[in-house]
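Enquirer: So that we are looking at the same thing, I have put the structure below in structure tokens.
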Amino acid sequence: DNRIPKDGTIIEVAPGYETKIGDALSLLDFHGTLILIEPDPAAAVSIERAYKRILPRATVRVVEKTLDKIKIGTDVPLHVDALAANHPFDDMALAAAMHGNPQAFFSAERQSGETVSRDVQKIYDGVSDRDYTQGILETITAWQDFIQELKPARFMASQYPSRKLELKGLARRQKSGYI
């Protein structure tokens, strides 16, 4: 319905380990250029490998930076046919709220599976409501600034209730994504 050119240029922000957008592009026989903005090094390697398998005719490239550090015209092209993201906002708000190096946190969290390990819970407990508020505001600013500067032809993002976050009892994180 969005008429994304099959040979166009798409940026996906914060895919993590999830191939949902790549799966959809595969169904559309996408064979253009896909740029993934993914700051977690382990996730970046994993998602690049998965997308190259899913989209063998596409050019897939990863930029290992946070959205606010992306240089338009250098890291990503000046014109893109679509800017897409699937469930990025809670992760970005948490990363901005955390102290230290949040990029490796998400890989560690993924390894803990359906439960929250003691080490991961300790990190969650260390993030105050004030930290979350600041993280949410930084995330909103990063998205607004990036979209205003990039001016993508199309913008598609989804943020929906996460069953994983619900099962893990991470209500503050879930709520941060909605805000």
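Ordered as shown in the structure tokens, chains take letters A, B, and onward, while each chain numbers its residues from 1 and ligands are numbered from 1 in the order shown.
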Run DSSP on the backbone of this structure and report the residues of segment 96-151 of chain A it assigns to helix (DSSP H, G or I), as number ranges by chain.
Expert: A: 96-97, 102-111, 118-125, 129-150
Enquirer: Would you export the selected residues with N, CA and C atoms as a compact mmCIF listing (two decimals), in the first residue's frame, please?
Expert:
# COMPACT_ATOMS: atom_id res chain seq x y z
N ALA A 96 18.74 5.33 26.43
CA ALA A 96 19.05 6.72 26.79
C ALA A 96 18.98 6.93 28.30
N ALA A 97 18.15 6.15 28.99
CA ALA A 97 17.98 6.29 30.44
C ALA A 97 19.07 5.61 31.25
N PRO A 102 24.83 0.97 27.22
CA PRO A 102 23.59 0.22 27.04
C PRO A 102 23.61 -0.74 25.86
N GLN A 103 24.49 -0.51 24.87
CA GLN A 103 24.45 -1.34 23.68
C GLN A 103 24.62 -2.82 24.01
N ALA A 104 25.57 -3.18 24.83
CA ALA A 104 25.80 -4.58 25.17
C ALA A 104 24.68 -5.13 26.07
N PHE A 105 23.95 -4.25 26.73
CA PHE A 105 22.87 -4.68 27.62
C PHE A 105 21.82 -5.50 26.88
N PHE A 106 21.43 -5.06 25.69
CA PHE A 106 20.34 -5.72 24.98
C PHE A 106 20.72 -7.14 24.55
N SER A 107 21.97 -7.34 24.20
CA SER A 107 22.42 -8.69 23.89
C SER A 107 22.42 -9.56 25.14
N ALA A 108 22.85 -8.99 26.27
CA ALA A 108 22.83 -9.74 27.54
C ALA A 108 21.40 -10.06 27.93
N GLU A 109 20.50 -9.11 27.75
CA GLU A 109 19.10 -9.33 28.07
C GLU A 109 18.52 -10.45 27.21
N ARG A 110 18.86 -10.45 25.94
CA ARG A 110 18.35 -11.47 25.01
C ARG A 110 18.80 -12.86 25.45
N GLN A 111 20.03 -12.96 25.94
CA GLN A 111 20.57 -14.25 26.36
C GLN A 111 19.86 -14.79 27.60
N ARG A 118 19.37 -12.07 37.18
CA ARG A 118 19.65 -11.21 38.34
C ARG A 118 20.45 -9.96 37.92
N ASP A 119 21.45 -10.16 37.05
CA ASP A 119 22.27 -9.04 36.60
C ASP A 119 21.46 -8.03 35.79
N VAL A 120 20.61 -8.54 34.92
CA VAL A 120 19.76 -7.65 34.10
C VAL A 120 18.76 -6.94 34.98
N GLN A 121 18.17 -7.64 35.94
CA GLN A 121 17.20 -7.01 36.85
C GLN A 121 17.86 -5.90 37.66
N LYS A 122 19.11 -6.12 38.06
CA LYS A 122 19.83 -5.10 38.81
C LYS A 122 19.98 -3.82 37.98
N ILE A 123 20.22 -3.98 36.70
CA ILE A 123 20.33 -2.81 35.82
C ILE A 123 18.98 -2.12 35.71
N TYR A 124 17.91 -2.89 35.50
CA TYR A 124 16.56 -2.30 35.44
C TYR A 124 16.24 -1.54 36.72
N ASP A 125 16.55 -2.14 37.86
CA ASP A 125 16.27 -1.51 39.14
C ASP A 125 17.05 -0.21 39.33
N ASP A 129 12.66 6.56 37.71
CA ASP A 129 11.60 7.18 36.91
C ASP A 129 12.11 8.44 36.23
N ARG A 130 12.95 9.17 36.95
CA ARG A 130 13.54 10.40 36.37
C ARG A 130 14.43 10.05 35.18
N ASP A 131 15.21 8.96 35.31
CA ASP A 131 16.05 8.51 34.19
C ASP A 131 15.18 8.15 32.98
N TYR A 132 14.09 7.43 33.24
CA TYR A 132 13.18 7.06 32.15
C TYR A 132 12.60 8.29 31.48
N THR A 133 12.18 9.27 32.26
CA THR A 133 11.64 10.51 31.70
C THR A 133 12.67 11.16 30.79
N GLN A 134 13.90 11.25 31.26
CA GLN A 134 14.97 11.84 30.46
C GLN A 134 15.21 11.01 29.19
N GLY A 135 15.20 9.69 29.33
CA GLY A 135 15.39 8.80 28.18
C GLY A 135 14.30 8.95 27.14
N ILE A 136 13.07 9.09 27.60
CA ILE A 136 11.94 9.30 26.69
C ILE A 136 12.11 10.62 25.94
N LEU A 137 12.45 11.68 26.66
CA LEU A 137 12.63 12.99 26.02
C LEU A 137 13.77 12.96 25.01
N GLU A 138 14.87 12.30 25.34
CA GLU A 138 15.99 12.19 24.40
C GLU A 138 15.60 11.39 23.16
N THR A 139 14.80 10.35 23.35
CA THR A 139 14.36 9.53 22.22
C THR A 139 13.44 10.33 21.30
N ILE A 140 12.51 11.07 21.88
CA ILE A 140 11.61 11.91 21.08
C ILE A 140 12.43 12.92 20.27
N THR A 141 13.37 13.57 20.91
CA THR A 141 14.20 14.57 20.24
C THR A 141 15.01 13.93 19.10
N ALA A 142 15.60 12.76 19.36
CA ALA A 142 16.40 12.08 18.34
C ALA A 142 15.56 11.77 17.10
N TRP A 143 14.35 11.23 17.32
CA TRP A 143 13.47 10.92 16.19
C TRP A 143 13.03 12.19 15.46
N GLN A 144 12.59 13.20 16.20
CA GLN A 144 12.15 14.43 15.56
C GLN A 144 13.26 15.05 14.72
N ASP A 145 14.44 15.16 15.29
CA ASP A 145 15.57 15.76 14.58
C ASP A 145 15.94 14.95 13.34
N PHE A 146 15.99 13.64 13.49
CA PHE A 146 16.38 12.78 12.36
C PHE A 146 15.37 12.87 11.23
N ILE A 147 14.09 12.79 11.55
CA ILE A 147 13.05 12.85 10.52
C ILE A 147 13.04 14.22 9.84
N GLN A 148 13.16 15.28 10.62
CA GLN A 148 13.16 16.62 10.04
C GLN A 148 14.34 16.84 9.10
N GLU A 149 15.50 16.30 9.45
CA GLU A 149 16.67 16.49 8.60
C GLU A 149 16.65 15.55 7.39
N LEU A 150 16.28 14.29 7.60
CA LEU A 150 16.28 13.31 6.51
C LEU A 150 15.14 13.54 5.51
Enquirer: Counting only C-alpha atoms, which residues in segment 42-140 of chain A sit no more than 7 Å from segment 12-35 of chain A? For each one, give the nearest pair of atoms and the distance in Å, sorted by chain then residue number, as a tab-separated table.
Expert:
residue	atom	partner	partner_atom	distance
A:Ala43	CA	A:Gly16	CA	5.3
A:Ser46	CA	A:Tyr17	CA	6.6
A:Ile47	CA	A:Tyr17	CA	5.6
A:Tyr51	CA	A:Gly22	CA	6.1
A:Ile54	CA	A:Ser26	CA	6.3
A:Leu55	CA	A:Ser26	CA	5.8
A:Arg57	CA	A:His31	CA	4.9
A:Ala58	CA	A:His31	CA	4.0
A:Thr59	CA	A:Thr33	CA	4.6
A:Val60	CA	A:Leu34	CA	4.9
A:Arg61	CA	A:Ile35	CA	4.9
A:Val62	CA	A:Ile35	CA	5.7
A:Leu83	CA	A:Glu12	CA	6.0
A:Ala84	CA	A:Glu12	CA	4.8
A:Ala85	CA	A:Val13	CA	5.2
A:Asn86	CA	A:Pro15	CA	6.8
A:Pro88	CA	A:Ala14	CA	5.7
Enquirer: Would you mind exporting N, CA and C atoms of the selected residues as a CSV table (one decimal), in the first residue's frame?
Expert:
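File selection-v1.csv, as written:
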chain,number,residue,atom,x,y,z
A,43,ALA,N,24.1,-7.5,18.0
A,43,ALA,CA,22.9,-7.5,17.2
A,43,ALA,C,23.1,-7.1,15.8
A,46,SER,N,24.4,-10.0,13.8
A,46,SER,CA,23.4,-11.0,13.7
A,46,SER,C,22.3,-10.6,12.6
A,47,ILE,N,21.9,-9.3,12.8
A,47,ILE,CA,20.8,-8.9,11.9
A,47,ILE,C,21.3,-8.7,10.4
A,51,TYR,N,19.5,-10.6,7.4
A,51,TYR,CA,18.9,-9.9,6.3
A,51,TYR,C,19.6,-10.2,5.0
A,54,ILE,N,17.8,-13.4,4.0
A,54,ILE,CA,16.4,-13.1,3.7
A,54,ILE,C,16.3,-12.3,2.4
A,55,LEU,N,17.2,-11.4,2.2
A,55,LEU,CA,17.1,-10.5,1.0
A,55,LEU,C,18.4,-10.6,0.2
A,57,ARG,N,19.1,-10.5,-2.9
A,57,ARG,CA,19.3,-9.6,-4.1
A,57,ARG,C,19.4,-8.1,-3.6
A,58,ALA,N,19.2,-7.9,-2.3
A,58,ALA,CA,19.3,-6.5,-1.8
A,58,ALA,C,20.8,-6.2,-1.3
A,59,THR,N,21.1,-4.9,-1.3
A,59,THR,CA,22.3,-4.5,-0.6
A,59,THR,C,22.0,-4.2,0.8
A,60,VAL,N,22.6,-4.8,1.7
A,60,VAL,CA,22.3,-4.6,3.2
A,60,VAL,C,23.6,-4.1,3.8
A,61,ARG,N,23.4,-3.0,4.5
A,61,ARG,CA,24.5,-2.3,5.2
A,61,ARG,C,24.1,-1.9,6.6
A,62,VAL,N,25.0,-2.1,7.6
A,62,VAL,CA,24.7,-1.7,8.9
A,62,VAL,C,25.6,-0.5,9.4
A,83,LEU,N,11.7,5.3,5.8
A,83,LEU,CA,12.3,5.2,7.1
A,83,LEU,C,11.3,4.3,7.9
A,84,ALA,N,11.8,3.1,8.4
A,84,ALA,CA,11.0,2.2,9.0
A,84,ALA,C,11.6,1.7,10.4
A,85,ALA,N,10.7,1.4,11.3
A,85,ALA,CA,11.1,0.9,12.6
A,85,ALA,C,10.0,0.0,13.2
A,86,ASN,N,10.4,-1.1,13.8
A,86,ASN,CA,9.5,-2.0,14.4
A,86,ASN,C,9.8,-2.1,15.9
A,88,PRO,N,10.8,0.2,18.2
A,88,PRO,CA,12.1,0.7,18.6
A,88,PRO,C,12.1,1.6,19.9
Enquirer: For Tyr160 of chain A, which residue out of A:His87, A:Glu38, A:Arg172, A:Val127 is the nearest one, using only C-alpha atoms?
Expert: A:His87
Enquirer: Pick out the closest residue to Met92 of chain A from this set: A:Arg173, A:Arg3, A:Arg53, A:Arg163. Count only C-alpha atoms.
Expert: A:Arg173
